[in-house]
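J.: Before I ask anything, let me first share the structure, which is written out below as C-alpha cells.
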Amino acid sequence: MPKNCAIVIGGPTASGKSQLAIDLARAFDGVVINADASQVYKSIPVISAAPSAEDMQKVPHRLYGYLDDEEGCNVVAWLEDAAAAIRETHAAGKIPVVVGGGGLYLDNLINGVTPIPEVDPLIRAQALTIVARQGLGALYEQLRAVDPEGAAMVSPTDTTRVRRAFEIFMTTGISVAEWFLRPMIKKLPETDFLTIKLLPAKAELDCRCDLRFDIMTASGAVEEVENLLTRGVPENLPVMKAKGVPELAAFLRGEIGFEEASAKAKLHTRQYAKRQLTWFRNKFDAALVTGECYSGRPDFINDVKKQYNMLQKFA
C-alpha cells in the first residue's frame with residue numbers, strides 16, 4: 001500500500017512559493033500548510049506576506065495567523081503543529097502542501113530532529129540571567145569550562161547557540177556535540193515527501209523583494225507595526241523581529257524618516273533572500289527545481305503531478 005505523501009515547497013522570500021502552493025493544492029485537492037515563522041502570527045498578515053483572505057478561500061490553509069504575539073514560534077513547537085496538521089489532512093483524504101522559506105523547519109520536518117529532551121526551565125532562566133547581568137562572554141566561558149567540545153561548535157558571539165549549548169549540557173550532562181551524533185527522530189515516519197525548490201536569479205528576486213515591500217506599506221504594513229507599538233509588544237519577541245518590523249518601528253518612533261526605513265527594510269530583505277538562496281541551493285535536496293520565480297505555470301504543475309505519481313508508484 002502506498003505511503004502517505006506530502007508536497008514540500010522551499011525557496012527564498014518573494015519567489016512565488018505561496019502562489020505555487022495554492023495552484024498545487026487546487027490541482028491535488030490539497031491543503032496548504034505554513035512553514036514560515038512570521039506568518040504564524042495573527043497581528044502581521046500584511047508585513048509577513050501571508051496569503052490574503054481571497055487566497056485562503058481558494059483552498060484550505062493551516063497554521064497561518066494562529067499564534068498571539070506573546071507566543072514564541074520555534075522549530076520544535078512548529079513541528080508538533082505541522083505534524084498534526086499533516087496527519088489531519090491525510091485523514092481527510094487530502095494532500096498536504098507544506099510551504100515556507102524556513103530551511104530549518106523544512107529540513108527537520110523531512111529528515112528529523114536530534115533527540116534532545118526539553119531543557120530545564122530553571123536552567124534556561126539561569127542562562128538568561130547570566131547573559132543579562134554579565135554578558136554573553138561570561139556564559140560562553142562557563143560553557144567552555146563544563147563542555148569544551150560543545151563550546152567549540154558555536155561562535156562566542158552567537159547568543160542563541162551559546163545559550164542553547166549551555167542549557168542542553170546543564171540539563172542532560174551530555175555535550176551538544178554528542179547529541180548531534182545520535183540518530184535523528186522523524187515526526188512523520190509514515191510519510192514520504194515530494195520536494196520542490198525555487199531558485200530564481202538574484203536580480204529578479206531583488207526586484208520582487210523591493211516591489212513587495214512597497215505593496216506592503218501601501219496595504220497596511222505601517223498600521224500593523226503601529227498597532228504592535230501601541231500595545232507595547234516587547235521588542236525581544238519574534239514578532240517584533242519579522243522582516244520590515246524593526247525598520248518601520250524606528251520610523252514610527254521618529255528615529256528615521258520613511259524613505260530611510262523603506263530603504264533599510266528592502267536591503268535587509270534582499271540580504272535575507274540571498275542567504276535563503278544559498279541555503280536552498282546547497283542544503284535542500286529537491287525532486288523538482290525551477291530557476292525562476294513562480295507566477296503560474298501549467299507545465300510545472302504537470303511535472304509535479306508526474307513526480308507525485310512516480311513517488312506513489314514506487315512507495
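Just remember, in the C-alpha cells the first chain shown is A, the second B, etc., residues are 1-based per chain, and ligands are 1-based in the order shown.
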Please provide the set of residues having any atom within 9 Å of A:Pro60, restricted to only C-alpha atoms, with same-chain residues fewer than 4 positions apart removed, written as a PDB file with N, CA, C and O atoms, in the first residue's frame.

T.:
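Below you can see result-v5.pdb, which holds the result:
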```
ATOM      1  N   ALA A  25      -2.333  22.908  -4.500  1.00  0.00           N
ATOM      2  CA  ALA A  25      -3.441  22.460  -3.655  1.00  0.00           C
ATOM      3  C   ALA A  25      -4.727  22.333  -4.476  1.00  0.00           C
ATOM      4  O   ALA A  25      -5.529  21.414  -4.266  1.00  0.00           O
ATOM      5  N   GLY A  30      -5.727  19.630  -2.274  1.00  0.00           N
ATOM      6  CA  GLY A  30      -4.857  19.644  -1.107  1.00  0.00           C
ATOM      7  C   GLY A  30      -5.155  20.747  -0.117  1.00  0.00           C
ATOM      8  O   GLY A  30      -6.093  21.535  -0.271  1.00  0.00           O
ATOM      9  N   VAL A  31      -4.313  20.789   0.908  1.00  0.00           N
ATOM     10  CA  VAL A  31      -4.384  21.794   1.968  1.00  0.00           C
ATOM     11  C   VAL A  31      -3.011  22.439   2.091  1.00  0.00           C
ATOM     12  O   VAL A  31      -2.001  21.732   2.216  1.00  0.00           O
ATOM     13  N   VAL A  32      -2.957  23.766   2.044  1.00  0.00           N
ATOM     14  CA  VAL A  32      -1.690  24.481   2.180  1.00  0.00           C
ATOM     15  C   VAL A  32      -1.353  24.605   3.670  1.00  0.00           C
ATOM     16  O   VAL A  32      -2.172  25.079   4.462  1.00  0.00           O
ATOM     17  N   ILE A  33      -0.139  24.200   4.039  1.00  0.00           N
ATOM     18  CA  ILE A  33       0.300  24.241   5.443  1.00  0.00           C
ATOM     19  C   ILE A  33       1.531  25.129   5.545  1.00  0.00           C
ATOM     20  O   ILE A  33       2.528  24.924   4.859  1.00  0.00           O
ATOM     21  N   MET A  56      -7.089  32.437   0.698  1.00  0.00           N
ATOM     22  CA  MET A  56      -7.479  31.392   1.645  1.00  0.00           C
ATOM     23  C   MET A  56      -8.849  30.808   1.332  1.00  0.00           C
ATOM     24  O   MET A  56      -9.186  29.713   1.809  1.00  0.00           O
TER      25      MET A  56
END
```

J.: Can you pull out the residues contacting A:Phe180? Cut-off 7 Å, using only C-alpha atoms, and skip same-chain residues under 3 positions away; I want them as a list in words.

T.: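 Result of the neighbour search: Thr114, Val176 and Ala177 of chain A.
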
J.: For the selection you just gave me, I'd like the residues written to a file as a tab-separated table (two decimals), in the first residue's frame, keeping C-alpha atoms.

T.:
```
chain	number	residue	atom	x	y	z
A	114	THR	CA	18.07	15.36	17.16
A	176	VAL	CA	25.51	19.15	22.38
A	177	ALA	CA	28.25	17.73	20.14
```

J.: Taking 3 positions as the minimum chain separation for residues in the same chain, which residues sit within 10 Å of A:Val289 when counting only C-alpha atoms? Answer as a ChimeraX atom specification.

T.: /A:9-11,195-200,281,285-286,292,300

J.: Per DSSP on the backbone, what are the strand (DSSP E or B) residues of stretch 26-222 of chain A, as a PyMOL selection string?

T.: chain A and resi 30-34+41+61-62+67+95-100+113+185+191-198

J.: Store the residues picked out above in a file with N, CA, C and O atoms, as a short mmCIF file (atom, residue, chain, number, x, y, z; two decimals), in the first residue's frame.

T.:
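For reference, selection-v4.cif as written:
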```cif
data_model
loop_
_atom_site.label_atom_id
_atom_site.label_comp_id
_atom_site.auth_asym_id
_atom_site.auth_seq_id
_atom_site.Cartn_x
_atom_site.Cartn_y
_atom_site.Cartn_z
N GLY A 30 -5.73 19.63 -2.27
CA GLY A 30 -4.86 19.64 -1.11
C GLY A 30 -5.15 20.75 -0.12
O GLY A 30 -6.09 21.53 -0.27
N VAL A 31 -4.31 20.79 0.91
CA VAL A 31 -4.38 21.79 1.97
C VAL A 31 -3.01 22.44 2.09
O VAL A 31 -2.00 21.73 2.22
N VAL A 32 -2.96 23.77 2.04
CA VAL A 32 -1.69 24.48 2.18
C VAL A 32 -1.35 24.61 3.67
O VAL A 32 -2.17 25.08 4.46
N ILE A 33 -0.14 24.20 4.04
CA ILE A 33 0.30 24.24 5.44
C ILE A 33 1.53 25.13 5.55
O ILE A 33 2.53 24.92 4.86
N ASN A 34 1.47 26.12 6.40
CA ASN A 34 2.51 27.14 6.52
C ASN A 34 3.77 26.64 7.22
O ASN A 34 3.70 25.99 8.26
N TYR A 41 1.76 34.49 12.97
CA TYR A 41 1.22 35.48 13.90
C TYR A 41 -0.02 36.18 13.35
O TYR A 41 -0.06 36.61 12.20
N HIS A 61 -6.23 26.50 4.16
CA HIS A 61 -4.90 26.86 4.66
C HIS A 61 -4.83 26.53 6.15
O HIS A 61 -5.80 26.73 6.88
N ARG A 62 -3.67 26.07 6.59
CA ARG A 62 -3.46 25.75 8.01
C ARG A 62 -2.18 26.42 8.52
O ARG A 62 -1.22 26.63 7.76
N LEU A 67 -1.18 32.22 16.04
CA LEU A 67 -0.50 32.50 17.30
C LEU A 67 -0.63 33.96 17.69
O LEU A 67 -0.62 34.85 16.83
N ILE A 95 -4.24 16.12 0.22
CA ILE A 95 -2.78 16.12 0.12
C ILE A 95 -2.22 17.36 0.81
O ILE A 95 -2.61 18.48 0.46
N PRO A 96 -1.30 17.20 1.77
CA PRO A 96 -0.68 18.37 2.39
C PRO A 96 0.32 19.02 1.44
O PRO A 96 1.12 18.33 0.79
N VAL A 97 0.27 20.35 1.35
CA VAL A 97 1.24 21.12 0.57
C VAL A 97 1.92 22.08 1.55
O VAL A 97 1.36 23.12 1.90
N VAL A 98 3.09 21.71 2.02
CA VAL A 98 3.81 22.49 3.02
C VAL A 98 4.69 23.50 2.31
O VAL A 98 5.45 23.14 1.39
N VAL A 99 4.63 24.77 2.73
CA VAL A 99 5.37 25.80 2.00
C VAL A 99 5.97 26.82 2.96
O VAL A 99 5.35 27.24 3.93
N GLY A 100 7.24 27.19 2.69
CA GLY A 100 7.88 28.20 3.52
C GLY A 100 9.33 28.40 3.14
O GLY A 100 9.91 27.62 2.40
N VAL A 113 14.71 15.30 13.70
CA VAL A 113 15.37 16.19 14.66
C VAL A 113 16.26 15.37 15.58
O VAL A 113 16.07 14.17 15.76
N ILE A 185 15.30 11.69 14.80
CA ILE A 185 13.96 11.15 15.02
C ILE A 185 12.99 11.88 14.10
O ILE A 185 12.90 13.11 14.13
N THR A 191 5.34 9.09 6.34
CA THR A 191 5.09 9.99 5.21
C THR A 191 6.31 10.14 4.30
O THR A 191 7.44 10.29 4.77
N ASP A 192 6.07 10.08 3.00
CA ASP A 192 7.08 10.42 2.00
C ASP A 192 6.89 11.88 1.60
O ASP A 192 5.77 12.40 1.65
N PHE A 193 7.98 12.52 1.19
CA PHE A 193 7.92 13.94 0.85
C PHE A 193 8.37 14.15 -0.59
O PHE A 193 9.45 13.69 -0.99
N LEU A 194 7.54 14.83 -1.36
CA LEU A 194 7.91 15.27 -2.69
C LEU A 194 8.39 16.71 -2.56
O LEU A 194 7.60 17.61 -2.27
N THR A 195 9.68 16.93 -2.77
CA THR A 195 10.27 18.24 -2.51
C THR A 195 10.46 19.06 -3.79
O THR A 195 10.87 18.54 -4.82
N ILE A 196 10.18 20.35 -3.65
CA ILE A 196 10.30 21.31 -4.76
C ILE A 196 11.03 22.53 -4.24
O ILE A 196 10.78 22.98 -3.11
N LYS A 197 11.95 23.08 -5.05
CA LYS A 197 12.57 24.33 -4.63
C LYS A 197 12.63 25.33 -5.77
O LYS A 197 12.77 24.96 -6.93
N LEU A 198 12.48 26.59 -5.39
CA LEU A 198 12.54 27.70 -6.33
C LEU A 198 13.88 28.40 -6.15
O LEU A 198 14.21 28.83 -5.03
#
```

J.: Give me the residues within 10 Å of A:Glu118 as a ChimeraX atom specification, counting only C-alpha atoms and dropping any in the same chain fewer than 6 places off.

T.: /A:76,167-168,171-172

J.: Looking at A:Asp23, A:Glu226, A:Glu54, A:Glu259, which one is nearest to A:Val304, with distances taken over only C-alpha atoms?

T.: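 Of A:Asp23, A:Glu226, A:Glu54, A:Glu259, the one nearest A:Val304 is A:Asp23, counting only C-alpha atoms.
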
J.: Between atom CA of A:Lys266 and atom CA of A:Phe213, what is the distance, to one decimal in Å?

T.: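 It comes out at 6.8 Å.
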
J.: With a distance cut-off of 10 Å and only C-alpha atoms, select the neighbouring residues of A:Ala14, excluding the residue or stretch itself and same-chain residues fewer than 2 positions from it, and output the selection as a list in words.

T.: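 Listing them by chain and then by number gives Gly11, Pro12, Gly16, Lys17, Ser18, Ala49, Gly101, Pro200, Glu204, Leu205, Asp206, Cys207, Arg208, Cys209, Asp210, Leu211, Arg212, Phe213, Thr269, Arg270, Ala273, Cys293 and Tyr294 of chain A.
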
J.: At a cut-off of 12 Å, using only C-alpha atoms, what residues contact stretch 141-144 of chain A? Leave out same-chain residues fewer than 4 positions from it and give the result as number ranges by chain.

T.: A: 126-127, 130-131, 134-137, 148-157, 161-170, 173, 175-176

J.: Write the selection just made, keeping N, CA and C atoms, as a PDB file, in the first residue's frame?

T.:
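Contents of again.pdb, as written:
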```pdb
ATOM      1  N   GLN A 126      18.462  30.584  34.357  1.00  0.00           N
ATOM      2  CA  GLN A 126      19.831  30.860  34.814  1.00  0.00           C
ATOM      3  C   GLN A 126      20.684  31.407  33.675  1.00  0.00           C
ATOM      4  N   ALA A 127      20.576  30.798  32.498  1.00  0.00           N
ATOM      5  CA  ALA A 127      21.352  31.254  31.337  1.00  0.00           C
ATOM      6  C   ALA A 127      20.976  32.674  30.944  1.00  0.00           C
ATOM      7  N   ILE A 130      22.482  35.158  33.421  1.00  0.00           N
ATOM      8  CA  ILE A 130      23.925  35.361  33.223  1.00  0.00           C
ATOM      9  C   ILE A 130      24.169  36.320  32.071  1.00  0.00           C
ATOM     10  N   VAL A 131      23.455  36.115  30.967  1.00  0.00           N
ATOM     11  CA  VAL A 131      23.627  36.992  29.794  1.00  0.00           C
ATOM     12  C   VAL A 131      23.217  38.422  30.134  1.00  0.00           C
ATOM     13  N   GLN A 134      25.883  39.640  33.142  1.00  0.00           N
ATOM     14  CA  GLN A 134      27.330  39.572  32.942  1.00  0.00           C
ATOM     15  C   GLN A 134      27.752  39.605  31.474  1.00  0.00           C
ATOM     16  N   GLY A 135      26.778  39.418  30.583  1.00  0.00           N
ATOM     17  CA  GLY A 135      27.094  39.430  29.165  1.00  0.00           C
ATOM     18  C   GLY A 135      27.251  38.028  28.595  1.00  0.00           C
ATOM     19  N   LEU A 136      27.170  37.942  27.273  1.00  0.00           N
ATOM     20  CA  LEU A 136      27.268  36.656  26.591  1.00  0.00           C
ATOM     21  C   LEU A 136      28.631  36.011  26.799  1.00  0.00           C
ATOM     22  N   GLY A 137      29.681  36.827  26.874  1.00  0.00           N
ATOM     23  CA  GLY A 137      31.020  36.274  27.062  1.00  0.00           C
ATOM     24  C   GLY A 137      31.141  35.446  28.325  1.00  0.00           C
ATOM     25  N   PRO A 148      33.749  21.859  26.810  1.00  0.00           N
ATOM     26  CA  PRO A 148      34.632  22.453  25.800  1.00  0.00           C
ATOM     27  C   PRO A 148      34.336  21.981  24.385  1.00  0.00           C
ATOM     28  N   GLU A 149      33.892  20.722  24.239  1.00  0.00           N
ATOM     29  CA  GLU A 149      33.573  20.206  22.914  1.00  0.00           C
ATOM     30  C   GLU A 149      32.362  20.939  22.327  1.00  0.00           C
ATOM     31  N   GLY A 150      31.363  21.169  23.148  1.00  0.00           N
ATOM     32  CA  GLY A 150      30.188  21.900  22.691  1.00  0.00           C
ATOM     33  C   GLY A 150      30.515  23.350  22.399  1.00  0.00           C
ATOM     34  N   ALA A 151      31.349  23.950  23.238  1.00  0.00           N
ATOM     35  CA  ALA A 151      31.735  25.346  23.036  1.00  0.00           C
ATOM     36  C   ALA A 151      32.469  25.533  21.710  1.00  0.00           C
ATOM     37  N   ALA A 152      33.240  24.521  21.319  1.00  0.00           N
ATOM     38  CA  ALA A 152      33.995  24.617  20.066  1.00  0.00           C
ATOM     39  C   ALA A 152      33.082  24.596  18.841  1.00  0.00           C
ATOM     40  N   MET A 153      31.831  24.147  19.035  1.00  0.00           N
ATOM     41  CA  MET A 153      30.895  24.050  17.909  1.00  0.00           C
ATOM     42  C   MET A 153      30.157  25.355  17.628  1.00  0.00           C
ATOM     43  N   VAL A 154      30.195  26.286  18.579  1.00  0.00           N
ATOM     44  CA  VAL A 154      29.391  27.504  18.424  1.00  0.00           C
ATOM     45  C   VAL A 154      30.277  28.739  18.430  1.00  0.00           C
ATOM     46  N   SER A 155      29.791  29.784  17.784  1.00  0.00           N
ATOM     47  CA  SER A 155      30.507  31.064  17.804  1.00  0.00           C
ATOM     48  C   SER A 155      30.288  31.743  19.150  1.00  0.00           C
ATOM     49  N   PRO A 156      31.340  32.313  19.754  1.00  0.00           N
ATOM     50  CA  PRO A 156      31.183  33.006  21.048  1.00  0.00           C
ATOM     51  C   PRO A 156      30.235  34.199  20.986  1.00  0.00           C
ATOM     52  N   THR A 157      29.915  34.665  19.764  1.00  0.00           N
ATOM     53  CA  THR A 157      29.028  35.827  19.618  1.00  0.00           C
ATOM     54  C   THR A 157      27.609  35.442  19.217  1.00  0.00           C
ATOM     55  N   ARG A 161      22.879  30.110  20.066  1.00  0.00           N
ATOM     56  CA  ARG A 161      23.562  28.806  20.096  1.00  0.00           C
ATOM     57  C   ARG A 161      24.393  28.615  21.358  1.00  0.00           C
ATOM     58  N   VAL A 162      24.998  29.680  21.857  1.00  0.00           N
ATOM     59  CA  VAL A 162      25.746  29.569  23.115  1.00  0.00           C
ATOM     60  C   VAL A 162      24.805  29.193  24.243  1.00  0.00           C
ATOM     61  N   ARG A 163      23.676  29.908  24.293  1.00  0.00           N
ATOM     62  CA  ARG A 163      22.717  29.637  25.367  1.00  0.00           C
ATOM     63  C   ARG A 163      22.152  28.227  25.254  1.00  0.00           C
ATOM     64  N   ARG A 164      21.841  27.828  24.028  1.00  0.00           N
ATOM     65  CA  ARG A 164      21.274  26.501  23.810  1.00  0.00           C
ATOM     66  C   ARG A 164      22.256  25.407  24.218  1.00  0.00           C
ATOM     67  N   ALA A 165      23.522  25.549  23.823  1.00  0.00           N
ATOM     68  CA  ALA A 165      24.529  24.548  24.187  1.00  0.00           C
ATOM     69  C   ALA A 165      24.690  24.456  25.698  1.00  0.00           C
ATOM     70  N   PHE A 166      24.689  25.608  26.366  1.00  0.00           N
ATOM     71  CA  PHE A 166      24.802  25.638  27.832  1.00  0.00           C
ATOM     72  C   PHE A 166      23.600  24.943  28.466  1.00  0.00           C
ATOM     73  N   GLU A 167      22.398  25.279  28.000  1.00  0.00           N
ATOM     74  CA  GLU A 167      21.178  24.707  28.573  1.00  0.00           C
ATOM     75  C   GLU A 167      21.124  23.196  28.382  1.00  0.00           C
ATOM     76  N   ILE A 168      21.539  22.731  27.206  1.00  0.00           N
ATOM     77  CA  ILE A 168      21.498  21.293  26.926  1.00  0.00           C
ATOM     78  C   ILE A 168      22.449  20.533  27.842  1.00  0.00           C
ATOM     79  N   PHE A 169      23.681  21.039  27.977  1.00  0.00           N
ATOM     80  CA  PHE A 169      24.633  20.316  28.814  1.00  0.00           C
ATOM     81  C   PHE A 169      24.199  20.335  30.281  1.00  0.00           C
ATOM     82  N   MET A 170      23.761  21.486  30.765  1.00  0.00           N
ATOM     83  CA  MET A 170      23.388  21.593  32.175  1.00  0.00           C
ATOM     84  C   MET A 170      22.135  20.783  32.498  1.00  0.00           C
ATOM     85  N   GLY A 173      23.694  16.769  31.022  1.00  0.00           N
ATOM     86  CA  GLY A 173      25.032  16.287  31.341  1.00  0.00           C
ATOM     87  C   GLY A 173      25.750  15.726  30.129  1.00  0.00           C
ATOM     88  N   SER A 175      27.156  16.592  26.120  1.00  0.00           N
ATOM     89  CA  SER A 175      27.515  17.684  25.220  1.00  0.00           C
ATOM     90  C   SER A 175      26.580  17.759  24.025  1.00  0.00           C
ATOM     91  N   VAL A 176      26.317  18.981  23.588  1.00  0.00           N
ATOM     92  CA  VAL A 176      25.508  19.155  22.384  1.00  0.00           C
ATOM     93  C   VAL A 176      26.187  18.470  21.193  1.00  0.00           C
TER      94      VAL A 176
END
```

J.: Which of stretch 126-267 of chain A counts as helix (DSSP H, G or I) under DSSP, as a ChimeraX atom specification please?

T.: /A:126-134,136-146,148-151,159-172,176-179,202-218,221-230,238-241,245-252,258-267

J.: Using only C-alpha atoms, which residues sit within 9 Å of A:Gln307 once same-chain residues fewer than 5 positions away are excluded, as a ChimeraX atom specification?

T.: /A:194,287-288,302,312

J.: Would you mind telling me which residue in A:Pro189, A:Gly244, A:Pro238, A:Gly254 lies nearest to A:Asp214 when using only C-alpha atoms?

T.: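 Distance minimum relative to A:Asp214 lands on A:Gly244.
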
J.: Hey, can you check how far atom CA of A:Ile86 sits from atom CA of A:Ile7?

T.: 10.4 Å

J.: Using atom CA of A:Lys58 and atom CA of A:Ile22 as the two end points, give the distance in Å to one decimal.

T.: 7.6 Å

J.: Taking only C-alpha atoms into account, which of A:Leu228, A:Lys305, A:Lys186, A:Lys313 comes nearest A:Arg26?

T.: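 Using only C-alpha atoms, A:Arg26 sits closest to A:Lys305.
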
J.: I need the residue nearest A:Ala77 from this list: A:Ala249, A:Leu139, A:Ala37, A:Ile301. Use only C-alpha atoms for the distance.

T.: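 Going through A:Ala249, A:Leu139, A:Ala37, A:Ile301 one by one, the smallest distance to A:Ala77 is for A:Ala37.
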